Amino acid sequence: MSKINYDLNKIRGIVFDVDGVLSPSTISLGDDGMPIRMVNIKDGYALQLAVKKGYDIAIITGADTSAIVKRYNALGIKDVYLKASMKLPLLEAWMSDHGLAADQVAYVGDDIPDYEAMRHVGLAVAPADAAVDIKDIAGYISPVNGGYGVARDLLEQILKAGGHWMSHSEAFGW
């Protein structure tokens, strides 16, 4: 039984922000001044399984580092958008390219740059430590903070609703 009050069987596409969602909102800086992001392995497992099961997954972030592209490409995610100063136009184009209606899309964001995009989809999701304005528009607030399993929480519920969680031998490997 899902904790999310939404028909998860409608969801075909899921979009994630990075900083504050797939990585914690507090990040280390390298000697070169560039952020060093942490990733959650359980998020990674759920992301690669969702891709294998045919869900459209995208990353839309304001960050600008090839490490993000490498990480998410390695999990099978091809739609990775960096330097997104305005996320809604990218989201709209991605939805159009994949033939997705708003009610078929979930968007996970944590701060004001995600606000417009989150209001444009059927299911807006926020980590527990998201900004108040983002929590106010979220249809689901994950019980975990950004970077600590938000993607796993959401994707596990979506995959379970679709009968894709631990239901076949492919689910038990990478």
# chains A, B, ... in the order shown; residues from 1 in each chain; ligands from 1
>>> closest_atom_pairs(of="segment 91-161 of chain A", to="segment 6-28 of chain A", cutoff="9 Å", atoms="only C-alpha atoms", output="JSON lines")
{"residue": "A:Leu91", "atom": "CA", "partner": "A:Val15", "partner_atom": "CA", "distance": 8.1}
{"residue": "A:Met95", "atom": "CA", "partner": "A:Gly13", "partner_atom": "CA", "distance": 8.1}
{"residue": "A:His98", "atom": "CA", "partner": "A:Gly13", "partner_atom": "CA", "distance": 8.5}
{"residue": "A:Leu100", "atom": "CA", "partner": "A:Gly13", "partner_atom": "CA", "distance": 7.2}
{"residue": "A:Asp103", "atom": "CA", "partner": "A:Lys10", "partner_atom": "CA", "distance": 6.9}
{"residue": "A:Gln104", "atom": "CA", "partner": "A:Ile11", "partner_atom": "CA", "distance": 4.2}
{"residue": "A:Val105", "atom": "CA", "partner": "A:Gly13", "partner_atom": "CA", "distance": 4.7}
{"residue": "A:Ala106", "atom": "CA", "partner": "A:Ile14", "partner_atom": "CA", "distance": 4.8}
{"residue": "A:Tyr107", "atom": "CA", "partner": "A:Val15", "partner_atom": "CA", "distance": 4.7}
{"residue": "A:Val108", "atom": "CA", "partner": "A:Phe16", "partner_atom": "CA", "distance": 4.9}
{"residue": "A:Gly109", "atom": "CA", "partner": "A:Asp17", "partner_atom": "CA", "distance": 5.5}
{"residue": "A:Asp110", "atom": "CA", "partner": "A:Gly20", "partner_atom": "CA", "distance": 5.9}
{"residue": "A:Asp111", "atom": "CA", "partner": "A:Gly20", "partner_atom": "CA", "distance": 8.0}
{"residue": "A:Asp114", "atom": "CA", "partner": "A:Asp17", "partner_atom": "CA", "distance": 7.7}
{"residue": "A:Gly122", "atom": "CA", "partner": "A:Ile11", "partner_atom": "CA", "distance": 8.4}
{"residue": "A:Leu123", "atom": "CA", "partner": "A:Tyr6", "partner_atom": "CA", "distance": 7.3}
{"residue": "A:Ala126", "atom": "CA", "partner": "A:Val21", "partner_atom": "CA", "distance": 7.9}
{"residue": "A:Pro127", "atom": "CA", "partner": "A:Val21", "partner_atom": "CA", "distance": 6.6}
{"residue": "A:Asp129", "atom": "CA", "partner": "A:Gly20", "partner_atom": "CA", "distance": 8.2}
{"residue": "A:Ala130", "atom": "CA", "partner": "A:Gly20", "partner_atom": "CA", "distance": 7.5}
{"residue": "A:Gly139", "atom": "CA", "partner": "A:Tyr6", "partner_atom": "CA", "distance": 8.0}
{"residue": "A:Tyr140", "atom": "CA", "partner": "A:Tyr6", "partner_atom": "CA", "distance": 8.8}
{"residue": "A:Asn145", "atom": "CA", "partner": "A:Pro24", "partner_atom": "CA", "distance": 7.4}
{"residue": "A:Gly146", "atom": "CA", "partner": "A:Val21", "partner_atom": "CA", "distance": 4.1}
{"residue": "A:Gly147", "atom": "CA", "partner": "A:Ser23", "partner_atom": "CA", "distance": 3.7}
{"residue": "A:Tyr148", "atom": "CA", "partner": "A:Pro24", "partner_atom": "CA", "distance": 7.1}
{"residue": "A:Gly149", "atom": "CA", "partner": "A:Leu22", "partner_atom": "CA", "distance": 7.7}
{"residue": "A:Val150", "atom": "CA", "partner": "A:Val21", "partner_atom": "CA", "distance": 6.6}
{"residue": "A:Ala151", "atom": "CA", "partner": "A:Leu22", "partner_atom": "CA", "distance": 6.9}
{"residue": "A:Leu155", "atom": "CA", "partner": "A:Ile14", "partner_atom": "CA", "distance": 8.7}
{"residue": "A:Gln157", "atom": "CA", "partner": "A:Leu8", "partner_atom": "CA", "distance": 7.8}
{"residue": "A:Ile158", "atom": "CA", "partner": "A:Leu8", "partner_atom": "CA", "distance": 5.5}
{"residue": "A:Leu159", "atom": "CA", "partner": "A:Leu8", "partner_atom": "CA", "distance": 8.6}
{"residue": "A:Ala161", "atom": "CA", "partner": "A:Asn9", "partner_atom": "CA", "distance": 6.1}
>>> write_last_selection(atoms="N, CA, C and O atoms", output="CSV table (one decimal), in the first residue's frame")
chain,number,residue,atom,x,y,z
A,91,LEU,N,11.4,21.0,-18.7
A,91,LEU,CA,10.4,20.0,-18.3
A,91,LEU,C,9.3,19.9,-19.4
A,91,LEU,O,9.0,18.8,-19.9
A,95,MET,N,8.7,16.5,-21.6
A,95,MET,CA,7.4,15.9,-21.6
A,95,MET,C,6.8,15.7,-23.0
A,95,MET,O,6.3,14.7,-23.4
A,98,HIS,N,8.6,13.0,-25.0
A,98,HIS,CA,8.3,11.7,-24.5
A,98,HIS,C,6.8,11.4,-24.5
A,98,HIS,O,6.4,10.3,-24.1
A,100,LEU,N,4.3,12.7,-22.8
A,100,LEU,CA,3.8,12.6,-21.5
A,100,LEU,C,2.8,13.8,-21.1
A,100,LEU,O,3.2,14.9,-21.3
A,103,ASP,N,-0.4,14.6,-15.9
A,103,ASP,CA,-0.8,13.6,-14.8
A,103,ASP,C,0.0,12.4,-14.9
A,103,ASP,O,-0.1,11.5,-14.0
A,104,GLN,N,0.8,12.2,-15.9
A,104,GLN,CA,1.7,11.0,-16.0
A,104,GLN,C,3.1,11.3,-15.4
A,104,GLN,O,4.0,10.4,-15.5
A,105,VAL,N,3.3,12.5,-14.9
A,105,VAL,CA,4.7,12.9,-14.5
A,105,VAL,C,4.7,13.2,-13.0
A,105,VAL,O,3.8,13.9,-12.5
A,106,ALA,N,5.8,12.8,-12.3
A,106,ALA,CA,6.1,13.2,-11.0
A,106,ALA,C,7.4,14.0,-11.1
A,106,ALA,O,8.3,13.7,-11.9
A,107,TYR,N,7.5,15.0,-10.3
A,107,TYR,CA,8.7,15.9,-10.2
A,107,TYR,C,9.1,16.0,-8.8
A,107,TYR,O,8.3,16.3,-7.9
A,108,VAL,N,10.4,15.8,-8.5
A,108,VAL,CA,10.9,15.9,-7.2
A,108,VAL,C,11.9,17.1,-7.1
A,108,VAL,O,12.9,17.1,-7.7
A,109,GLY,N,11.5,18.0,-6.2
A,109,GLY,CA,12.3,19.2,-6.1
A,109,GLY,C,12.3,19.6,-4.6
A,109,GLY,O,11.5,19.2,-3.8
A,110,ASP,N,13.2,20.5,-4.3
A,110,ASP,CA,13.4,20.9,-2.9
A,110,ASP,C,13.4,22.4,-2.6
A,110,ASP,O,13.3,22.9,-1.5
A,111,ASP,N,13.5,23.3,-3.7
A,111,ASP,CA,13.7,24.7,-3.5
A,111,ASP,C,13.0,25.5,-4.6
A,111,ASP,O,12.5,25.0,-5.6
A,114,ASP,N,12.6,24.9,-8.4
A,114,ASP,CA,11.7,23.8,-8.8
A,114,ASP,C,10.2,24.1,-8.8
A,114,ASP,O,9.4,23.3,-9.3
A,122,GLY,N,1.5,16.2,-12.4
A,122,GLY,CA,0.5,15.6,-11.7
A,122,GLY,C,0.8,15.3,-10.2
A,122,GLY,O,0.0,15.5,-9.3
A,123,LEU,N,2.1,14.9,-10.0
A,123,LEU,CA,2.6,14.6,-8.7
A,123,LEU,C,3.8,15.3,-8.3
A,123,LEU,O,4.9,15.0,-8.9
A,126,ALA,N,8.4,16.3,-2.5
A,126,ALA,CA,9.5,17.1,-1.8
A,126,ALA,C,10.1,16.2,-0.8
A,126,ALA,O,9.5,15.4,-0.1
A,127,PRO,N,11.4,16.4,-0.6
A,127,PRO,CA,12.1,15.7,0.6
A,127,PRO,C,11.6,16.4,1.9
A,127,PRO,O,11.1,17.5,1.9
A,129,ASP,N,13.3,17.8,4.1
A,129,ASP,CA,13.9,19.1,4.4
A,129,ASP,C,13.8,20.1,3.3
A,129,ASP,O,14.6,21.1,3.3
A,130,ALA,N,12.8,20.0,2.5
A,130,ALA,CA,12.6,21.0,1.4
A,130,ALA,C,12.2,22.3,2.0
A,130,ALA,O,11.7,22.4,3.2
A,139,GLY,N,2.4,17.3,-3.4
A,139,GLY,CA,1.3,16.3,-3.2
A,139,GLY,C,1.8,15.2,-2.2
A,139,GLY,O,1.0,14.4,-1.6
A,140,TYR,N,3.1,15.0,-2.1
A,140,TYR,CA,3.7,14.0,-1.2
A,140,TYR,C,5.0,14.6,-0.7
A,140,TYR,O,5.9,15.1,-1.5
A,145,ASN,N,15.2,13.1,4.2
A,145,ASN,CA,15.8,14.3,3.7
A,145,ASN,C,16.4,14.1,2.3
A,145,ASN,O,16.7,12.9,1.9
A,146,GLY,N,16.6,15.2,1.6
A,146,GLY,CA,17.3,15.1,0.3
A,146,GLY,C,18.7,14.4,0.4
A,146,GLY,O,19.4,14.7,1.3
A,147,GLY,N,19.0,13.5,-0.6
A,147,GLY,CA,20.2,12.8,-0.6
A,147,GLY,C,20.3,11.6,0.2
A,147,GLY,O,21.2,10.8,0.2
A,148,TYR,N,19.2,11.3,1.0
A,148,TYR,CA,19.2,10.1,1.9
A,148,TYR,C,18.1,9.2,1.5
A,148,TYR,O,17.5,8.5,2.4
A,149,GLY,N,17.7,9.1,0.2
A,149,GLY,CA,16.8,8.0,-0.2
A,149,GLY,C,15.4,8.5,-0.7
A,149,GLY,O,14.5,7.8,-0.8
A,150,VAL,N,15.3,9.8,-1.1
A,150,VAL,CA,14.1,10.3,-1.6
A,150,VAL,C,13.7,9.6,-2.9
A,150,VAL,O,12.5,9.2,-3.1
A,151,ALA,N,14.6,9.4,-3.8
A,151,ALA,CA,14.3,8.7,-5.1
A,151,ALA,C,13.9,7.3,-4.8
A,151,ALA,O,12.9,6.8,-5.4
A,155,LEU,N,10.3,5.9,-6.0
A,155,LEU,CA,10.4,4.9,-7.0
A,155,LEU,C,9.9,3.6,-6.5
A,155,LEU,O,9.3,2.8,-7.2
A,157,GLN,N,7.7,3.0,-4.3
A,157,GLN,CA,6.2,3.0,-4.3
A,157,GLN,C,5.6,2.9,-5.7
A,157,GLN,O,4.6,2.2,-5.9
A,158,ILE,N,6.2,3.6,-6.7
A,158,ILE,CA,5.7,3.6,-8.0
A,158,ILE,C,5.9,2.2,-8.6
A,158,ILE,O,5.0,1.6,-9.2
A,159,LEU,N,7.1,1.6,-8.4
A,159,LEU,CA,7.4,0.3,-8.9
A,159,LEU,C,6.5,-0.8,-8.3
A,159,LEU,O,6.0,-1.7,-9.0
A,161,ALA,N,3.4,-0.3,-7.1
A,161,ALA,CA,2.1,-0.1,-7.7
A,161,ALA,C,2.0,-0.7,-9.1
A,161,ALA,O,0.9,-1.2,-9.4
>>> select_by_dssp(residues="segment 1-148 of chain A", states="strand (DSSP E)", output="JSON, numbers by chain")
{"A": [13, 14, 15, 16, 28, 29, 35, 36, 56, 57, 58, 59, 60, 79, 80, 81, 105, 106, 107, 108, 123, 124, 125, 126, 140, 141]}
>>> residues_around(residues="segment 73-86 of chain A", least_positions_apart="2", cutoff="8 Å", atoms="only C-alpha atoms", output="number ranges by chain")
A: 44, 47-48, 51-52, 57-65, 69-71, 88-90, 113
>>> atom_distance(atom1="atom CA of Asn40 of chain A", atom2="atom CA of Ile134 of chain A")
21.9 Å
>>> select_by_dssp(residues="segment 36-147 of chain A", states="alpha helix (DSSP H)", output="ChimeraX atom specification")
/A:41-52,66-74,87-97,115-119,132-137
>>> closest_residue(among="A:Ile141, A:Met166, A:Met34, A:Ile112", to="Val125 of chain A", atoms="only C-alpha atoms")
A:Ile141
